[in-house]
Every structure is written in C-alpha cells, then in structure tokens.
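Here's the structure we're looking at; comments come further down.
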Amino acid sequence: MMKWNAWGDPAEAKPLSEGIRSLIKQALGVEEPPAEELEPEQVRLRPSALSPGDREGLAAIVGAEYCGVDDRARLLRAGGKSTLDLLRRKDSGVQDAPDAILLPGGEEEIAAVLRFCADHSIAIVPFGGGTSVVGGLDPIRGDFKAVVSLDLRRLGALHALDEISGEAELGAGLTGPEAERLLGERGFSLGHFPQSFQFATIGGFAAYGFYAFVPPYFSRTFGLDYATIGLIAGLAGGVAVGLGIVAGGFLADALAKRDMRWYALVPAIGCLIALPSYLLAVLQTDWRAAAALLAMAGFFQYASLGPTFGVVQNVVAHRRRATATAVLYICLNVFALGGGPLFTGWVIDRFAEAGFHAENAGWIPPSGGRSSFLFNCPGGEGATAANRSSCRATLTRATRRGIEVTLLFFAWASIHYLLASLGIAKALKAAAWRADLASSVQSESI
Ligand SMILES: Cc1cc2nc3c(=O)[nH]c(=O)nc-3n(C[C@H](O)[C@H](O)[C@H](O)COP(=O)(O)OP(=O)(O)OC[C@H]3O[C@@H](n4cnc5c(N)ncnc54)[C@H](O)[C@@H]3O)c2cc1C
C-alpha cells in the first residue's frame, strides 16, 4: 500500500546509510533535523461539501459502503505524487480533498454516476493508482457545487484477450502488476512498464502529437502486438531520431563554415523531407515499410534539433542563455509535447465522428440512440459487439487522417526555418560582435 504522503511502499523502504545522510546534508547545506511528519489524523481537511441529498443519491447508485465521506478516504485521494503534491501534504493548515469517494462496481454504475453528477452540478475526478505528477487529481470544484473522486479500483478484471491479435480488454482499475499477472497466466505481457508501474492503473496508462499516436496507429491499422510496436517505437523513435540529431548537428556545423544560412537550411530541408516520409509511412499497407519510412522521417525531422539549440544559444547574450534554453523547452513541452497530442487526438475524434456518421447515415441503433461514434463505439453508452468492426474500421481511418493533418505542421515549420535563413547570418554576426565588445570592455576594466 502506498503511503499517503510519499511515494512507494513503506514495507519495502530501505533506510539511508549514515554516509549518504551526511553527504546530502553537506551538499544541500541542511543543518536542522527533518521536520516531524504529520500523521493522517493530524491533517485538517476542508469539510465535505456534498449535501446529504446528493450523498444519498450517489450511495443509491454504488452502494452505501462504496460512497465514503470520511477524512481518511478523502485524504488518500487528495492529489497525486508530484513534489508539489507531497509538499502540500506537509501543510499544517487546512488541506483540500474531494468531497466524497465513490467506488463504482461496473460501467453501468459509472454511467449512472456521471448522469447524476451532471444533473446535480458535481465535478468528477477519476482516480486510478494516484500516481499523477501533473495535477490531474486535484480536487478542483470550479463552478460546481462539489467534487467527487471516482476510484476505479473495483474494475480489476481481464475481460477478454484475443490471442491472435494480442488485443486485451482490461478493467481500468487494474494496476500494472495485476494486469501483468493476469496476462502472464495466458502467456502474454502488458509490454508497458513506466517507473510508476507498481501502483499506476490501466486507466491511468491510457489517460505526446504524433509519436503518442504511433502505438495506437500500429495497433489499430496492422493489429500488431505491443512487443512489436515497442520495437518499432524504439528503433524509429529512438535510434533513428538519435542518429538524426547527431547528423544534423555535424552537418550544419560543417556547412556553416562556408555559409551561416545552413544553420536554418539544414532544419528546413530536414522538415521538408520528413513531411512526405511521414505521409508515405501512414499510407503503407505493410507495417515493415511503414516502420522503415517512419524511421527515415524521424531521422530527418530531428536533424533540426542541434542547429536550433545552437542558434538560440548564439544569438542571445551570454547572460540570457539559460533563460533562452528554458523558454525553448517551455515551447517544446507546452506547445509541441503538450498541445500536439491533444490536437491530434481532437482531430482523430472529429474524423471518427464524421466518418461513423457518414457510414451509418439513416441507421437507427438498436439502443435507440444517435448514430454517433462516441455513443455507439466501445466506451459509449450504446456500444454493442455488433458495432465493433465498423467502429474499428472508422477509428483506423480517423487515426490515419488525424496524423496526416498534424503532419502539415512540418510544412509550417519548414517555412519558418526558410524565413529564418534570410536573416540568420546577420543575427549571428551581430551577436558575435556584441560578445567581442563585452569581453573587450571587461578586459579593459580589469
Ligand atoms: C515515481 C513516479 C514515476 C513515474 N514514471 C512514469 C513513467 O515512467 N512513464 C509515464 O508515462 N508516467 C510516469 N509517471 C506518471 C504516472 O505514474 C502515469 O501517468 C500513470 O500512468 C498514471 O496512472 P494512475 O493509474 O496512477 O492514474 P492517476 O494518477 O490516478 O490518474 C492520472 C490522470 O488520469 C485520470 N484517470 C485515471 N484513470 C482514469 C480512467 N479510467 N478514465 C479516465 N481518466 C482517468 C485521472 O483523473 C488523472 O487526471 C510516474 C509517476 C511517479 C510518481
């Protein structure tokens, strides 16, 4: 069982040796002994804001024993395991927590809880293993009356396993080790081992643009197992990308000896070659050809990285280099890695919805609901086994189209790099002149 205010299982904790303790004290300049840890009973929690009526309504859905408002249960679901989360747990003031904990026993109960909460203005935070490090479990009420934590641990079964495609249907509340055990009994492996494997759940695993969609693409389009997809992602996304980064840096430095514009032209050409390679990759009907083209695209795309970082470091003043790198990383992480997958996922969803609707125009689903993808496909209220193959085909096409749309951003990037090449020589020379001037002023004053 994970500690409420720290990472890991206390039963497996190993005390630090005296030598390591004194090294840490010296390195960090710590003089005082560590502050006493709060016991869970000492934590003052904001009282539950759930009204008795709402509590009764929710308890009627999941059962009274699975609808808890006691402080201990609420404290255990009060947030994730980031440094900020753990620091918050040390706060001796009033701490926030969800207003109730619900442990639904199945999909029907979840659907009923969602309907109830929507009707009664109650926010819901799904809770898997509680290992989030990005604030995803914060009990934020916003404009809602209350917020409840929907703990999915009771959904802990392996529902189905297709031994030919290797596709498994797993309960969202299964932790990594439990899922591995259940699959292992049938000779299979999950193939996904994040550092938080021990506690994180399948739901949490499921919850980065294009690369984030490589595994689903290979799974949905070619029905490959996760071991093969892992190998493709490692070779195409790791080895080829790594080689591209090194090659791009060497090539740009070598060519820039003759003309500084190469610092922008190498990335521009890289992106221009990457775009059709990615597009060709998603048009392949053979996964080996798709993987080879993907590796080639990754190599050329990432050739831009070295020159980009080099130019950023050289056009800013010495004292701004750390800030410039930080800003570049913010852009990479927030816009590319954060916004990219969100955008790709959103586009895929739109294509899936439009595709399903067009294909099933005029069809009235047996459930009586709309002919919408979200409603009729796995995860939706009206999903049936009969819809599966149509949903799968729609999703395969939508994933391909979504990736194609996202790839157009490479064309946009190339245009920027080409524009940058027009003024880059001047900017680099001006920066070098400023640096020379600064060092001569400094040596004169010495
Ligand atoms: C020490 C440590 C190491 C880590 N290492 C890795 C790593 O190597 N790789 C990696 O990718 N991440 C890592 N993480 C981050 C985190 O563990 C993962 O994101 C993990 O997949 C979260 O799973 P969880 O079950 O704990 O989800 P939770 O933390 O419970 O939830 C995460 C988010 O998903 C939502 N959610 C949970 N279940 C569902 C569901 N069924 N349906 C809809 N939404 C849901 C929650 O509301 C929350 O917003 C690490 C975290 C820690 C603390």
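Every chain in the structure tokens has a letter given in the order shown (A, B, ...), and although residue numbers restart at 1 in each chain, ligands are simply numbered from 1 in the order shown.
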With a distance cut-off of 9 Å and only C-alpha atoms, select the neighbouring residues of Leu38 of chain A, excluding the residue or stretch itself and same-chain residues fewer than 3 positions from it, and output the selection as a list in words. Asn5, Glu41, Gln42, Val43, Arg89, Lys90, Asp91 and Ser92 of chain A
With C-alpha atoms retained, could you export that selection as a PDB file, in the first residue's frame?
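Printed below is part.pdb as written:
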```
ATOM      1  CA  ASN A   5       2.267  11.479   1.862  1.00  0.00           C
ATOM      2  CA  GLU A  41      -5.222  12.022  11.741  1.00  0.00           C
ATOM      3  CA  GLN A  42      -3.420  15.344  12.315  1.00  0.00           C
ATOM      4  CA  VAL A  43      -4.276  16.698   8.871  1.00  0.00           C
ATOM      5  CA  ARG A  89       0.747  17.058   2.383  1.00  0.00           C
ATOM      6  CA  LYS A  90       3.144  18.644   4.911  1.00  0.00           C
ATOM      7  CA  ASP A  91       0.909  21.681   5.285  1.00  0.00           C
ATOM      8  CA  SER A  92      -0.363  22.077   8.830  1.00  0.00           C
TER       9      SER A  92
END
```
Ligand 1: which residues are within 9 Å, counting only C-alpha atoms and all ligand atoms, as an mmCIF file with C-alpha atoms, in the first residue's frame?
```cif
data_model
loop_
_atom_site.group_PDB
_atom_site.id
_atom_site.type_symbol
_atom_site.label_atom_id
_atom_site.label_comp_id
_atom_site.auth_asym_id
_atom_site.auth_seq_id
_atom_site.Cartn_x
_atom_site.Cartn_y
_atom_site.Cartn_z
ATOM 1 C CA TRP A 7 5.983 7.583 -2.961
ATOM 2 C CA GLY A 8 6.464 3.851 -2.519
ATOM 3 C CA ARG A 77 -7.408 10.694 -2.940
ATOM 4 C CA GLY A 79 -3.919 14.521 -5.135
ATOM 5 C CA GLY A 80 -1.096 12.797 -6.996
ATOM 6 C CA LYS A 81 2.573 12.204 -6.230
ATOM 7 C CA SER A 82 4.429 15.197 -7.690
ATOM 8 C CA THR A 83 6.836 17.190 -5.473
ATOM 9 C CA ILE A 124 -15.813 14.201 -11.019
ATOM 10 C CA VAL A 125 -12.119 13.302 -10.878
ATOM 11 C CA PRO A 126 -11.383 9.704 -11.975
ATOM 12 C CA PHE A 127 -8.801 8.079 -9.718
ATOM 13 C CA GLY A 128 -6.623 5.147 -10.809
ATOM 14 C CA GLY A 129 -3.415 4.488 -8.887
ATOM 15 C CA GLY A 130 -2.989 8.092 -7.702
ATOM 16 C CA THR A 131 0.486 8.448 -9.264
ATOM 17 C CA SER A 132 -0.287 11.511 -11.409
ATOM 18 C CA VAL A 133 2.505 14.110 -11.373
ATOM 19 C CA VAL A 134 0.736 16.866 -13.313
ATOM 20 C CA GLY A 135 -2.103 17.868 -11.002
ATOM 21 C CA GLY A 136 -4.650 15.616 -12.737
ATOM 22 C CA LEU A 137 -6.116 14.546 -9.407
ATOM 23 C CA ASP A 138 -6.519 17.979 -7.838
ATOM 24 C CA SER A 149 -13.306 11.149 -6.626
ATOM 25 C CA LEU A 150 -14.309 8.180 -8.804
ATOM 26 C CA ASP A 151 -11.934 5.459 -7.662
ATOM 27 C CA LEU A 152 -11.834 2.724 -10.310
ATOM 28 C CA GLY A 171 -10.528 -3.178 -16.407
ATOM 29 C CA ALA A 172 -9.499 0.439 -15.877
ATOM 30 C CA GLY A 173 -8.676 -0.155 -12.202
ATOM 31 C CA LEU A 174 -6.156 -2.977 -12.741
ATOM 32 C CA THR A 175 -2.724 -1.972 -11.514
ATOM 33 C CA GLY A 176 0.333 -2.747 -13.664
ATOM 34 C CA HIS A 192 4.319 -1.177 -20.895
ATOM 35 C CA PHE A 193 6.470 -0.633 -17.806
ATOM 36 C CA PRO A 194 6.581 3.003 -16.665
ATOM 37 C CA GLN A 195 8.546 3.685 -13.470
ATOM 38 C CA SER A 196 5.217 4.019 -11.641
ATOM 39 C CA PHE A 197 4.166 0.539 -12.855
ATOM 40 C CA PHE A 199 0.793 1.429 -8.450
ATOM 41 C CA ALA A 200 -0.448 3.001 -11.703
ATOM 42 C CA THR A 201 -3.545 1.553 -13.361
ATOM 43 C CA ILE A 202 -4.584 0.662 -16.893
ATOM 44 C CA GLY A 203 -6.996 3.638 -16.894
ATOM 45 C CA GLY A 204 -4.162 5.953 -15.908
ATOM 46 C CA PHE A 205 -1.857 4.498 -18.584
ATOM 47 C CA ALA A 206 -4.455 5.275 -21.197
ATOM 48 C CA ALA A 207 -5.327 8.773 -19.899
#
```
Would you list, as JSON, numbers by chain, the residues of segment 16-100 of chain A that end up in strand (DSSP E or B) under DSSP run on this structure's backbone? {"A": [44, 45, 67, 68, 94, 95, 100]}
Can you build me a table of segment 310-384 of chain A residues sitting at most 12 Å from segment 216-232 of chain A, with the closest atom pair per residue and its distance in Å to one decimal, using only C-alpha atoms, sorted by chain and residue number, as a Markdown table?
```
| residue | atom | partner | partner_atom | distance |
| --- | --- | --- | --- | --- |
| A:Thr344 | CA | A:Tyr217 | CA | 11.9 |
| A:Gly345 | CA | A:Pro216 | CA | 11.0 |
| A:Ile348 | CA | A:Tyr217 | CA | 11.0 |
```
Using only C-alpha atoms, which residues sit within 6 Å of segment 99-102 of chain A once same-chain residues fewer than 3 positions away are excluded, as number ranges by chain? A: 48-50, 66-69, 147-151
Could you save those same residues with all heavy atoms as a short mmCIF file (atom, residue, chain, number, x, y, z; two decimals), in the first residue's frame?
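Full text of again03.cif as output:
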```
data_model
loop_
_atom_site.label_atom_id
_atom_site.label_comp_id
_atom_site.auth_asym_id
_atom_site.auth_seq_id
_atom_site.Cartn_x
_atom_site.Cartn_y
_atom_site.Cartn_z
N SER A 48 -16.42 18.06 3.94
CA SER A 48 -17.07 17.65 2.70
C SER A 48 -18.21 18.61 2.35
O SER A 48 -19.03 18.94 3.21
CB SER A 48 -17.64 16.24 2.85
OG SER A 48 -18.44 15.94 1.73
N ALA A 49 -18.25 19.05 1.08
CA ALA A 49 -19.29 19.99 0.66
C ALA A 49 -20.48 19.27 0.04
O ALA A 49 -21.39 19.90 -0.49
CB ALA A 49 -18.70 20.99 -0.35
N LEU A 50 -20.46 17.92 0.09
CA LEU A 50 -21.55 17.17 -0.55
C LEU A 50 -22.79 17.24 0.33
O LEU A 50 -22.73 16.93 1.52
CB LEU A 50 -21.12 15.71 -0.72
CG LEU A 50 -21.87 14.89 -1.75
CD1 LEU A 50 -21.62 15.41 -3.16
CD2 LEU A 50 -21.46 13.43 -1.65
N TYR A 66 -19.73 1.89 -0.69
CA TYR A 66 -18.78 2.37 -1.70
C TYR A 66 -18.91 3.88 -1.95
O TYR A 66 -18.50 4.38 -2.98
CB TYR A 66 -18.98 1.60 -3.01
CG TYR A 66 -18.65 0.13 -2.86
CD1 TYR A 66 -19.62 -0.85 -3.08
CD2 TYR A 66 -17.38 -0.28 -2.48
CE1 TYR A 66 -19.33 -2.20 -2.91
CE2 TYR A 66 -17.07 -1.62 -2.30
CZ TYR A 66 -18.05 -2.57 -2.52
OH TYR A 66 -17.73 -3.89 -2.34
N CYS A 67 -19.55 4.54 -1.00
CA CYS A 67 -19.66 6.00 -1.11
C CYS A 67 -19.19 6.57 0.22
O CYS A 67 -19.93 6.57 1.20
CB CYS A 67 -21.12 6.39 -1.39
SG CYS A 67 -21.41 8.15 -1.34
N GLY A 68 -17.94 6.99 0.28
CA GLY A 68 -17.35 7.40 1.56
C GLY A 68 -17.09 8.90 1.64
O GLY A 68 -16.75 9.54 0.64
N VAL A 69 -17.32 9.44 2.83
CA VAL A 69 -17.01 10.86 3.02
C VAL A 69 -16.07 11.04 4.21
O VAL A 69 -15.82 12.16 4.65
CB VAL A 69 -18.28 11.73 3.24
CG1 VAL A 69 -19.08 11.86 1.98
CG2 VAL A 69 -19.12 11.19 4.38
N VAL A 147 -17.01 18.22 -5.53
CA VAL A 147 -16.20 17.38 -6.42
C VAL A 147 -16.05 16.01 -5.77
O VAL A 147 -15.80 15.92 -4.56
CB VAL A 147 -14.83 18.03 -6.73
CG1 VAL A 147 -14.04 18.36 -5.48
CG2 VAL A 147 -13.98 17.12 -7.63
N VAL A 148 -16.27 14.95 -6.58
CA VAL A 148 -16.12 13.59 -6.02
C VAL A 148 -15.01 12.85 -6.77
O VAL A 148 -14.75 13.11 -7.94
CB VAL A 148 -17.44 12.77 -6.11
CG1 VAL A 148 -18.53 13.43 -5.29
CG2 VAL A 148 -17.87 12.58 -7.55
N SER A 149 -14.36 11.96 -6.02
CA SER A 149 -13.31 11.15 -6.63
C SER A 149 -13.91 9.82 -7.03
O SER A 149 -14.56 9.15 -6.21
CB SER A 149 -12.19 10.96 -5.60
OG SER A 149 -11.25 10.05 -6.09
N LEU A 150 -13.75 9.43 -8.30
CA LEU A 150 -14.31 8.18 -8.80
C LEU A 150 -13.17 7.16 -8.86
O LEU A 150 -12.43 7.08 -9.84
CB LEU A 150 -14.88 8.43 -10.20
CG LEU A 150 -15.84 7.41 -10.77
CD1 LEU A 150 -17.15 7.39 -10.00
CD2 LEU A 150 -16.12 7.73 -12.23
N ASP A 151 -13.05 6.41 -7.77
CA ASP A 151 -11.93 5.46 -7.66
C ASP A 151 -12.31 4.19 -8.43
O ASP A 151 -13.33 3.56 -8.13
CB ASP A 151 -11.69 5.16 -6.17
CG ASP A 151 -10.44 4.34 -5.97
OD1 ASP A 151 -10.17 3.47 -6.81
OD2 ASP A 151 -9.73 4.56 -4.97
#
```
May I have all residues of segment 105-302 of chain A that DSSP, computed from the backbone, assigns to helix (DSSP H, G or I), given as a PyMOL selection string? chain A and resi 107-119+176-184+202-206+211-222+226-256+262-283+287-302
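Excluding Arg261 of chain A itself and same-chain residues fewer than 3 positions from it, the residues having an atom within 9 Å of it are Leu255, Ala256, Ala264, Leu265, Val266, Ala420, Ser421, Leu422, Gly423, Ile424 and Ala425 of chain A, counting only C-alpha atoms.
One finds atom CA of Arg141 of chain A at 20.2 Å from atom CA of Ala59 of chain A.
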